[in-house]
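structure-v3.tsv follows (TSV, C-alpha atoms):
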chain	number	residue	atom	x	y	z
A	24	MET	CA	-278.77	38.61	10.15
A	25	THR	CA	-279.64	35.17	8.90
A	26	ASP	CA	-276.86	32.60	8.59
A	27	VAL	CA	-276.35	31.36	5.09
A	28	PRO	CA	-276.47	27.52	4.94
A	29	GLY	CA	-272.96	26.22	4.47
A	30	SER	CA	-271.38	29.40	5.86
A	31	ASP	CA	-268.77	29.32	8.64
A	32	ALA	CA	-271.28	30.63	11.22
A	33	SER	CA	-273.84	27.98	10.34
A	34	THR	CA	-271.25	25.20	10.48
A	35	ALA	CA	-269.92	26.39	13.85
A	36	ARG	CA	-273.44	26.45	15.32
A	37	ARG	CA	-274.06	22.85	14.23
A	38	ARG	CA	-270.78	21.77	15.74
A	39	ALA	CA	-271.67	23.42	19.04
A	40	VAL	CA	-274.71	21.20	19.48
A	41	PRO	CA	-273.56	18.08	21.38
A	42	ALA	CA	-274.37	14.79	19.72
A	43	ALA	CA	-276.86	12.61	21.53
A	44	LYS	CA	-275.14	9.74	23.36
A	45	PRO	CA	-276.37	6.27	22.44
A	46	SER	CA	-278.34	4.75	25.28
A	47	ARG	CA	-276.56	1.82	26.96
A	48	VAL	CA	-278.45	-1.42	26.53
A	49	ARG	CA	-278.83	-3.18	29.84
A	50	MET	CA	-278.09	-6.90	29.81
A	51	SER	CA	-280.65	-9.36	31.08
A	52	ALA	CA	-279.64	-11.61	33.96
A	53	THR	CA	-279.15	-14.50	31.53
A	54	GLN	CA	-277.00	-12.43	29.18
A	55	ARG	CA	-274.88	-11.16	32.06
A	56	ARG	CA	-274.39	-14.69	33.37
A	57	GLU	CA	-273.25	-15.90	29.95
A	58	GLN	CA	-270.88	-12.94	29.63
A	59	LEU	CA	-269.29	-13.69	33.00
A	60	ILE	CA	-268.90	-17.38	32.17
A	61	SER	CA	-267.22	-16.53	28.86
A	62	ILE	CA	-264.81	-14.06	30.47
A	63	ALA	CA	-264.00	-16.40	33.36
A	64	ARG	CA	-263.38	-19.27	30.94
A	65	GLN	CA	-260.73	-17.20	29.18
A	66	ILE	CA	-259.02	-16.10	32.40
A	67	PHE	CA	-259.05	-19.58	33.94
A	68	ALA	CA	-257.49	-20.89	30.71
A	69	GLU	CA	-254.79	-18.24	30.81
A	70	ARG	CA	-253.90	-18.38	34.50
A	71	GLY	CA	-255.51	-21.35	36.18
A	72	PHE	CA	-257.80	-21.30	39.21
A	73	ASP	CA	-255.42	-19.97	41.86
A	74	ALA	CA	-254.19	-16.98	39.86
A	75	THR	CA	-257.67	-15.91	38.76
A	76	SER	CA	-259.54	-13.35	40.84
A	77	ILE	CA	-263.15	-12.22	40.99
A	78	GLU	CA	-261.81	-8.66	40.73
A	79	GLU	CA	-260.38	-9.31	37.28
A	80	VAL	CA	-263.49	-11.11	36.05
A	81	ALA	CA	-265.61	-8.18	37.21
A	82	ALA	CA	-263.23	-5.63	35.68
A	83	ARG	CA	-263.25	-7.28	32.26
A	84	ALA	CA	-267.04	-7.50	32.36
A	85	LYS	CA	-267.22	-3.86	33.54
A	86	VAL	CA	-269.38	-4.73	36.52
A	87	SER	CA	-268.88	-4.64	40.27
A	88	LYS	CA	-267.73	-7.68	42.25
A	89	PRO	CA	-271.12	-8.12	43.94
A	90	VAL	CA	-272.65	-8.83	40.52
A	91	VAL	CA	-270.34	-11.83	40.06
A	92	TYR	CA	-271.06	-13.05	43.60
A	93	GLU	CA	-274.78	-12.68	42.98
A	94	HIS	CA	-274.63	-15.03	39.99
A	95	PHE	CA	-272.13	-17.64	41.21
A	96	GLY	CA	-271.55	-17.18	44.92
A	97	GLY	CA	-267.78	-16.82	44.45
A	98	LYS	CA	-264.80	-17.99	42.43
A	99	GLU	CA	-265.38	-21.66	43.27
A	100	GLY	CA	-268.95	-21.55	41.99
A	101	LEU	CA	-267.94	-19.76	38.80
A	102	TYR	CA	-265.13	-22.23	38.16
A	103	ALA	CA	-267.44	-25.19	38.70
A	104	VAL	CA	-269.88	-23.88	36.09
A	105	VAL	CA	-267.10	-23.29	33.54
A	106	VAL	CA	-265.62	-26.77	34.02
A	107	ASP	CA	-269.01	-28.48	33.95
A	108	ARG	CA	-269.81	-26.87	30.61
A	109	GLU	CA	-266.52	-27.94	29.10
A	110	VAL	CA	-266.89	-31.50	30.38
A	111	ARG	CA	-270.34	-31.81	28.84
A	112	SER	CA	-269.26	-30.14	25.60
A	113	LEU	CA	-266.29	-32.43	25.00
A	114	LEU	CA	-268.14	-35.57	26.04
A	115	ASP	CA	-271.09	-34.71	23.78
A	116	ARG	CA	-268.75	-34.22	20.84
A	117	ILE	CA	-267.01	-37.53	21.31
A	118	THR	CA	-270.20	-39.45	22.06
A	119	THR	CA	-271.79	-38.07	18.89
A	120	ALA	CA	-268.70	-38.93	16.83
A	121	LEU	CA	-268.44	-42.56	17.96
A	122	THR	CA	-270.76	-44.04	15.36
A	123	ALA	CA	-268.61	-46.55	13.51
A	124	GLY	CA	-268.92	-50.26	14.08
A	125	HIS	CA	-265.35	-51.08	13.09
A	126	PRO	CA	-262.80	-50.56	15.91
A	127	ARG	CA	-260.29	-48.83	13.63
A	128	GLU	CA	-262.83	-46.26	12.48
A	129	LEU	CA	-263.91	-45.80	16.07
A	130	LEU	CA	-260.36	-44.94	17.08
A	131	GLU	CA	-260.05	-42.55	14.14
A	132	GLN	CA	-263.24	-40.76	15.14
A	133	ALA	CA	-262.21	-40.43	18.78
A	134	ALA	CA	-258.73	-39.11	17.95
A	135	LEU	CA	-259.90	-36.63	15.33
A	136	THR	CA	-262.78	-35.37	17.48
A	137	LEU	CA	-260.49	-34.67	20.43
A	138	LEU	CA	-257.95	-32.86	18.23
A	139	THR	CA	-260.73	-30.83	16.62
A	140	TYR	CA	-262.01	-29.81	20.03
A	141	ILE	CA	-258.50	-28.71	21.02
A	142	GLU	CA	-258.23	-26.70	17.81
A	143	GLU	CA	-261.64	-25.02	18.04
A	144	GLU	CA	-262.04	-24.68	21.81
A	145	THR	CA	-258.47	-24.12	22.96
A	146	SER	CA	-259.43	-22.09	26.02
A	147	GLY	CA	-261.93	-24.71	27.14
A	148	PHE	CA	-259.39	-27.50	26.75
A	149	ARG	CA	-256.81	-25.55	28.75
A	150	VAL	CA	-259.34	-25.16	31.56
A	151	LEU	CA	-259.95	-28.91	31.59
A	152	VAL	CA	-256.32	-29.99	31.65
A	153	ARG	CA	-255.43	-27.62	34.49
A	154	GLU	CA	-255.94	-29.63	37.66
A	155	SER	CA	-257.58	-27.84	40.56
A	156	PRO	CA	-257.70	-29.04	44.17
A	157	LEU	CA	-261.34	-27.97	44.27
A	158	MET	CA	-262.53	-30.39	41.66
A	159	SER	CA	-263.49	-33.95	42.45
A	160	ALA	CA	-262.74	-36.97	40.30
A	161	THR	CA	-265.93	-36.27	38.35
A	162	GLY	CA	-265.04	-32.78	37.24
A	163	ASN	CA	-261.86	-32.78	35.21
A	164	PHE	CA	-260.26	-33.92	31.98
A	165	SER	CA	-259.40	-37.34	33.37
A	166	SER	CA	-263.04	-38.01	34.18
A	167	VAL	CA	-264.09	-37.10	30.64
A	168	MET	CA	-261.54	-39.47	29.13
A	169	ASN	CA	-262.63	-42.15	31.56
A	170	ASP	CA	-266.21	-41.82	30.31
A	171	VAL	CA	-265.00	-42.13	26.72
A	172	ALA	CA	-262.93	-45.18	27.63
A	173	HIS	CA	-266.02	-46.90	29.04
A	174	GLN	CA	-267.79	-46.42	25.72
A	175	VAL	CA	-264.83	-47.81	23.81
A	176	GLU	CA	-264.65	-50.70	26.25
A	177	HIS	CA	-268.02	-52.11	25.17
A	178	ILE	CA	-266.98	-52.19	21.53
A	179	LEU	CA	-263.56	-53.66	22.27
A	180	GLY	CA	-265.16	-56.30	24.47
A	181	ALA	CA	-267.23	-57.60	21.56
A	182	GLU	CA	-264.19	-57.49	19.28
A	183	PHE	CA	-262.06	-59.40	21.78
A	184	SER	CA	-264.71	-62.09	22.16
A	185	SER	CA	-264.93	-62.60	18.40
A	186	ARG	CA	-261.14	-63.02	18.19
A	187	GLY	CA	-260.82	-65.37	21.13
A	188	TYR	CA	-259.26	-62.88	23.56
A	189	ASP	CA	-260.39	-62.42	27.13
A	190	PRO	CA	-263.16	-59.74	27.02
A	191	LYS	CA	-262.37	-58.85	30.63
A	192	LEU	CA	-259.20	-57.18	29.33
A	193	ALA	CA	-261.23	-54.75	27.18
A	194	GLU	CA	-261.28	-52.22	30.00
A	195	LEU	CA	-257.49	-52.22	30.26
A	196	TYR	CA	-257.05	-51.77	26.50
A	197	SER	CA	-259.71	-49.06	26.23
A	198	GLN	CA	-258.01	-47.05	28.99
A	199	ALA	CA	-254.65	-47.47	27.25
A	200	LEU	CA	-255.97	-46.39	23.85
A	201	VAL	CA	-257.94	-43.40	25.06
A	202	GLY	CA	-255.06	-42.39	27.34
A	203	MET	CA	-252.67	-42.45	24.40
A	204	VAL	CA	-254.93	-40.17	22.38
A	205	ALA	CA	-255.54	-37.83	25.33
A	206	LEU	CA	-251.86	-37.37	26.20
A	207	THR	CA	-250.96	-36.82	22.57
A	208	GLY	CA	-253.70	-34.21	22.43
A	209	ARG	CA	-252.18	-32.34	25.36
A	210	TRP	CA	-248.83	-32.34	23.60
A	211	TRP	CA	-250.40	-31.16	20.31
A	212	LEU	CA	-252.14	-28.33	22.18
A	213	GLU	CA	-248.80	-26.56	22.44
A	214	VAL	CA	-247.00	-27.54	19.23
A	215	ARG	CA	-249.86	-27.70	16.69
A	216	LYS	CA	-247.65	-29.58	14.26
A	217	PRO	CA	-248.20	-31.64	12.21
A	218	ARG	CA	-251.82	-30.99	11.21
A	219	LYS	CA	-254.50	-32.74	13.23
A	220	GLU	CA	-255.42	-35.22	10.47
A	221	THR	CA	-251.80	-36.36	10.29
A	222	VAL	CA	-251.57	-36.72	14.07
A	223	ALA	CA	-254.80	-38.76	14.14
A	224	ALA	CA	-253.58	-40.98	11.33
A	225	HIS	CA	-250.32	-41.76	13.13
A	226	LEU	CA	-252.14	-42.49	16.38
A	227	VAL	CA	-254.38	-44.94	14.60
A	228	ASN	CA	-251.41	-46.44	12.78
A	229	LEU	CA	-249.65	-47.16	16.07
A	230	ALA	CA	-252.73	-48.44	17.86
A	231	TRP	CA	-254.31	-50.45	15.06
A	232	ASN	CA	-251.23	-52.14	13.70
A	233	GLY	CA	-250.42	-53.15	17.23
A	234	LEU	CA	-253.96	-54.36	17.93
A	235	SER	CA	-254.12	-56.36	14.72
A	236	HIS	CA	-251.22	-58.57	15.88
A	237	LEU	CA	-252.05	-58.99	19.55
A	238	GLU	CA	-250.61	-61.95	21.40
A	239	ALA	CA	-253.27	-63.86	23.29
A	240	LYS	CA	-251.10	-64.07	26.42
A	241	PRO	CA	-248.31	-61.48	26.22
A	242	SER	CA	-245.43	-61.43	28.67
A	243	LEU	CA	-242.42	-59.18	29.18
A	244	ILE	CA	-239.16	-60.30	27.58
A	245	THR	CA	-237.29	-59.75	30.86
A	246	SER	CA	-239.78	-61.98	32.66
A	247	ARG	CA	-239.36	-64.69	30.05
A	248	GLY	CA	-235.62	-64.72	30.63
A	249	LYS	CA	-236.00	-65.03	34.41
A	250	SER	CA	-238.48	-67.89	34.14
A	251	GLY	CA	-236.12	-69.88	31.99

Take the structure in the file and write it out as structure tokens.
Amino acid sequence: MTDVPGSDASTARRRAVPAAKPSRVRMSATQRREQLISIARQIFAERGFDATSIEEVAARAKVSKPVVYEHFGGKEGLYAVVVDREVRSLLDRITTALTAGHPRELLEQAALTLLTYIEEETSGFRVLVRESPLMSATGNFSSVMNDVAHQVEHILGAEFSSRGYDPKLAELYSQALVGMVALTGRWWLEVRKPRKETVAAHLVNLAWNGLSHLEAKPSLITSRGKSG
């Protein structure tokens, strides 16, 4: 007896045939490496270096631990790659943004760029600001800000010379300005209020209005009283 199309017997027979499983696409070595870096970046941001394990990285990537070791040699190697990428990413952003010739615009660009990075790459920023005993002075957030300060220093030096201030002090002021922006950025990472443009504007307001009325040879009020 022939089954009538659409009948219960015909429908049951079609249901009995197992559907073909989609073939699993195997990642290339490069794709797997990028996947592991991305997963590790997220875990390091969440927990820091010490609380992160190769087991968890492998589990989230659905691979065995030897695969992670094959690519990075261990947790230290994986962490170093993640941090290096973030350092280069943030520094490239800030370097690209620092295009203005006027010091006030320069400060605005640096502040807004850092806050934008925090907003768009929160996990990466958290990785950078978590200090690790494994990283040297050239592989953390402080080193990135130090590089930015050196760039600002050259511009401040020229500005100081034109105003009759000692250009040798440009390094001190550049460290102070960049440090102010960086620490405010770490605070804003958690609170996210007010909006980044408002935060940048207030930073510039404080820094610029102070810079525009610099004393040539400042001294502490307490020191002035003692010298009298």

Could you build a table of the residues in range 104-161 of chain A lying no more than 8 Å from range 58-72 of chain A, giving for each the nearest pair of atoms and their separation in Å rounded to one decimal place, using only C-alpha atoms, ordered by chain and ascending residue number, as a Markdown table?
| residue | atom | partner | partner_atom | distance |
| --- | --- | --- | --- | --- |
| A:Val104 | CA | A:Ile60 | CA | 7.7 |
| A:Val105 | CA | A:Arg64 | CA | 6.1 |
| A:Ser146 | CA | A:Ala68 | CA | 5.2 |
| A:Gly147 | CA | A:Arg64 | CA | 6.8 |
| A:Phe148 | CA | A:Ala68 | CA | 7.9 |
| A:Arg149 | CA | A:Ala68 | CA | 5.1 |
| A:Val150 | CA | A:Ala68 | CA | 4.7 |
| A:Arg153 | CA | A:Gly71 | CA | 6.5 |
| A:Ser155 | CA | A:Phe72 | CA | 6.7 |

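In this structure, CA of Leu212 in chain A sits 29.1 Å away from CA of Ser235 in chain A.
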
Lys98 in chain A surroundings by all atoms listed in the file, 7 Å radius, close-in-sequence under 3 positions cut, as JSON, numbers by chain: {"A": [77, 101, 102]}

Could you check which of A:Thr139, A:Ser197, A:Gln132, A:Thr145 is closest to Glu109 in chain A, using all atoms listed in the file?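 Checking each of A:Thr139, A:Ser197, A:Gln132, A:Thr145 against Glu109 in chain A, counting all atoms listed in the file, the winner is A:Thr145.
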
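The coordinates place CA of Glu131 in chain A at 8.2 Å from CA of Leu226 in chain A.
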
Write out as number ranges by chain each polymer residue whose atoms come within 12 Å of Ala52 in chain A, counting only C-alpha atoms; drop sequence neighbours fewer than 2 positions from it. A: 49-50, 54-59, 90-91, 93-94

Between CA of Thr221 in chain A and CA of Ser165 in chain A - distance in Å to one decimal: 24.3 Å

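Counting only C-alpha atoms, range 238-242 of chain A has the following residues at most 10 Å away, ignoring those fewer than 2 positions along the same chain: Phe183, Arg186, Gly187, Tyr188, Asp189, Gly233, Leu234, Ser235, His236, Ile244, Thr245, Ser246 and Arg247 of chain A.
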
Would you pick out the contacts of Arg215 in chain A at 10 Å or less, using all atoms listed in the file, so that residues sharing its chain but fewer than 4 positions from it are not included, and give the list as an MDAnalysis selection string? chainID A and resid 138 141:142 208 210:211 219 222

Could you tell me, as an MDAnalysis selection string, which residues have any atom at most 9 Å from (-270.3, -44.1, 25.7), counting only C-alpha atoms? chainID A and resid 114 117:118 121 170:177

Centre and size of axis-aligned box enclosing range 171-179 of chain A plus 3 Å each side, as lines of an AutoDock Vina configuration file:
center_x = -265.5
center_y = -47.9
center_z = 25.3
size_x = 11.1
size_y = 17.5
size_z = 13.5

Restricting to only C-alpha atoms, whichever of A:Arg209, A:Asn169, A:Glu79, A:Pro217 is closest to Leu195 in chain A is A:Asn169

Kindly write range 60-74 of chain A with all heavy atoms to a file, as a compact mmCIF listing (two decimals), in the first residue's frame.
# COMPACT_ATOMS: atom_id res chain seq x y z
N ILE A 60 43.10 34.54 22.76
CA ILE A 60 43.48 35.87 23.25
C ILE A 60 42.24 36.63 23.70
O ILE A 60 42.23 37.28 24.75
CB ILE A 60 44.23 36.65 22.16
CG1 ILE A 60 45.60 36.02 21.91
CG2 ILE A 60 44.39 38.12 22.56
CD1 ILE A 60 46.34 36.61 20.72
N SER A 61 41.18 36.57 22.89
CA SER A 61 39.94 37.28 23.22
C SER A 61 39.32 36.75 24.51
O SER A 61 38.89 37.53 25.38
CB SER A 61 38.94 37.13 22.06
OG SER A 61 37.72 37.74 22.37
N ILE A 62 39.28 35.44 24.66
CA ILE A 62 38.71 34.84 25.87
C ILE A 62 39.56 35.17 27.09
O ILE A 62 39.05 35.55 28.15
CB ILE A 62 38.59 33.31 25.70
CG1 ILE A 62 37.50 32.99 24.67
CG2 ILE A 62 38.29 32.63 27.04
CD1 ILE A 62 37.43 31.53 24.29
N ALA A 63 40.88 35.05 26.95
CA ALA A 63 41.77 35.35 28.06
C ALA A 63 41.67 36.81 28.47
O ALA A 63 41.70 37.14 29.67
CB ALA A 63 43.21 35.01 27.67
N ARG A 64 41.56 37.70 27.51
CA ARG A 64 41.42 39.13 27.79
C ARG A 64 40.22 39.37 28.71
O ARG A 64 40.29 40.15 29.67
CB ARG A 64 41.24 39.88 26.47
CG ARG A 64 41.03 41.39 26.57
CD ARG A 64 40.90 41.91 25.14
NE ARG A 64 40.81 43.35 25.05
CZ ARG A 64 39.67 44.03 24.89
NH1 ARG A 64 38.51 43.38 24.87
NH2 ARG A 64 39.68 45.35 24.79
N GLN A 65 39.11 38.71 28.41
CA GLN A 65 37.90 38.89 29.21
C GLN A 65 38.08 38.35 30.63
O GLN A 65 37.70 38.98 31.62
CB GLN A 65 36.73 38.18 28.53
CG GLN A 65 35.38 38.38 29.23
CD GLN A 65 34.95 39.82 29.24
OE1 GLN A 65 35.11 40.53 28.25
NE2 GLN A 65 34.40 40.28 30.36
N ILE A 66 38.70 37.17 30.74
CA ILE A 66 38.88 36.57 32.07
C ILE A 66 39.89 37.35 32.90
O ILE A 66 39.69 37.57 34.10
CB ILE A 66 39.33 35.09 31.94
CG1 ILE A 66 38.28 34.29 31.17
CG2 ILE A 66 39.53 34.48 33.32
CD1 ILE A 66 38.68 32.85 30.90
N PHE A 67 40.98 37.77 32.29
CA PHE A 67 41.97 38.58 33.01
C PHE A 67 41.34 39.88 33.50
O PHE A 67 41.65 40.37 34.60
CB PHE A 67 43.16 38.91 32.12
CG PHE A 67 44.13 37.77 31.93
CD1 PHE A 67 44.58 37.42 30.67
CD2 PHE A 67 44.60 37.05 33.03
CE1 PHE A 67 45.48 36.37 30.49
CE2 PHE A 67 45.50 36.00 32.86
CZ PHE A 67 45.94 35.65 31.60
N ALA A 68 40.45 40.46 32.70
CA ALA A 68 39.77 41.70 33.09
C ALA A 68 38.84 41.44 34.27
O ALA A 68 38.73 42.27 35.18
CB ALA A 68 38.98 42.26 31.91
N GLU A 69 38.18 40.31 34.26
CA GLU A 69 37.23 39.99 35.32
C GLU A 69 37.93 39.63 36.64
O GLU A 69 37.49 40.04 37.71
CB GLU A 69 36.36 38.80 34.90
CG GLU A 69 35.43 39.09 33.73
CD GLU A 69 34.78 37.81 33.20
OE1 GLU A 69 35.06 36.72 33.76
OE2 GLU A 69 33.99 37.90 32.25
N ARG A 70 39.03 38.88 36.56
CA ARG A 70 39.59 38.27 37.75
C ARG A 70 41.03 38.65 38.06
O ARG A 70 41.52 38.39 39.16
CB ARG A 70 39.50 36.75 37.64
CG ARG A 70 38.09 36.26 37.41
CD ARG A 70 38.01 34.77 37.42
NE ARG A 70 36.64 34.31 37.22
CZ ARG A 70 36.27 33.04 37.22
NH1 ARG A 70 37.19 32.10 37.42
NH2 ARG A 70 35.01 32.71 37.03
N GLY A 71 41.73 39.21 37.10
CA GLY A 71 43.14 39.49 37.32
C GLY A 71 43.98 38.27 37.00
O GLY A 71 43.47 37.17 36.74
N PHE A 72 45.29 38.45 37.01
CA PHE A 72 46.21 37.38 36.60
C PHE A 72 46.16 36.18 37.54
O PHE A 72 46.02 35.04 37.09
CB PHE A 72 47.64 37.93 36.54
CG PHE A 72 48.66 36.88 36.21
CD1 PHE A 72 48.89 36.52 34.90
CD2 PHE A 72 49.38 36.26 37.22
CE1 PHE A 72 49.82 35.54 34.58
CE2 PHE A 72 50.32 35.28 36.91
CZ PHE A 72 50.54 34.92 35.60
N ASP A 73 46.27 36.42 38.83
CA ASP A 73 46.39 35.31 39.79
C ASP A 73 45.18 34.39 39.80
O ASP A 73 45.31 33.18 39.94
CB ASP A 73 46.64 35.85 41.20
CG ASP A 73 48.02 36.48 41.34
OD1 ASP A 73 48.92 36.09 40.56
OD2 ASP A 73 48.20 37.36 42.20
N ALA A 74 43.98 34.97 39.66
CA ALA A 74 42.76 34.18 39.75
C ALA A 74 42.35 33.54 38.42
O ALA A 74 41.36 32.82 38.36
CB ALA A 74 41.62 35.04 40.29
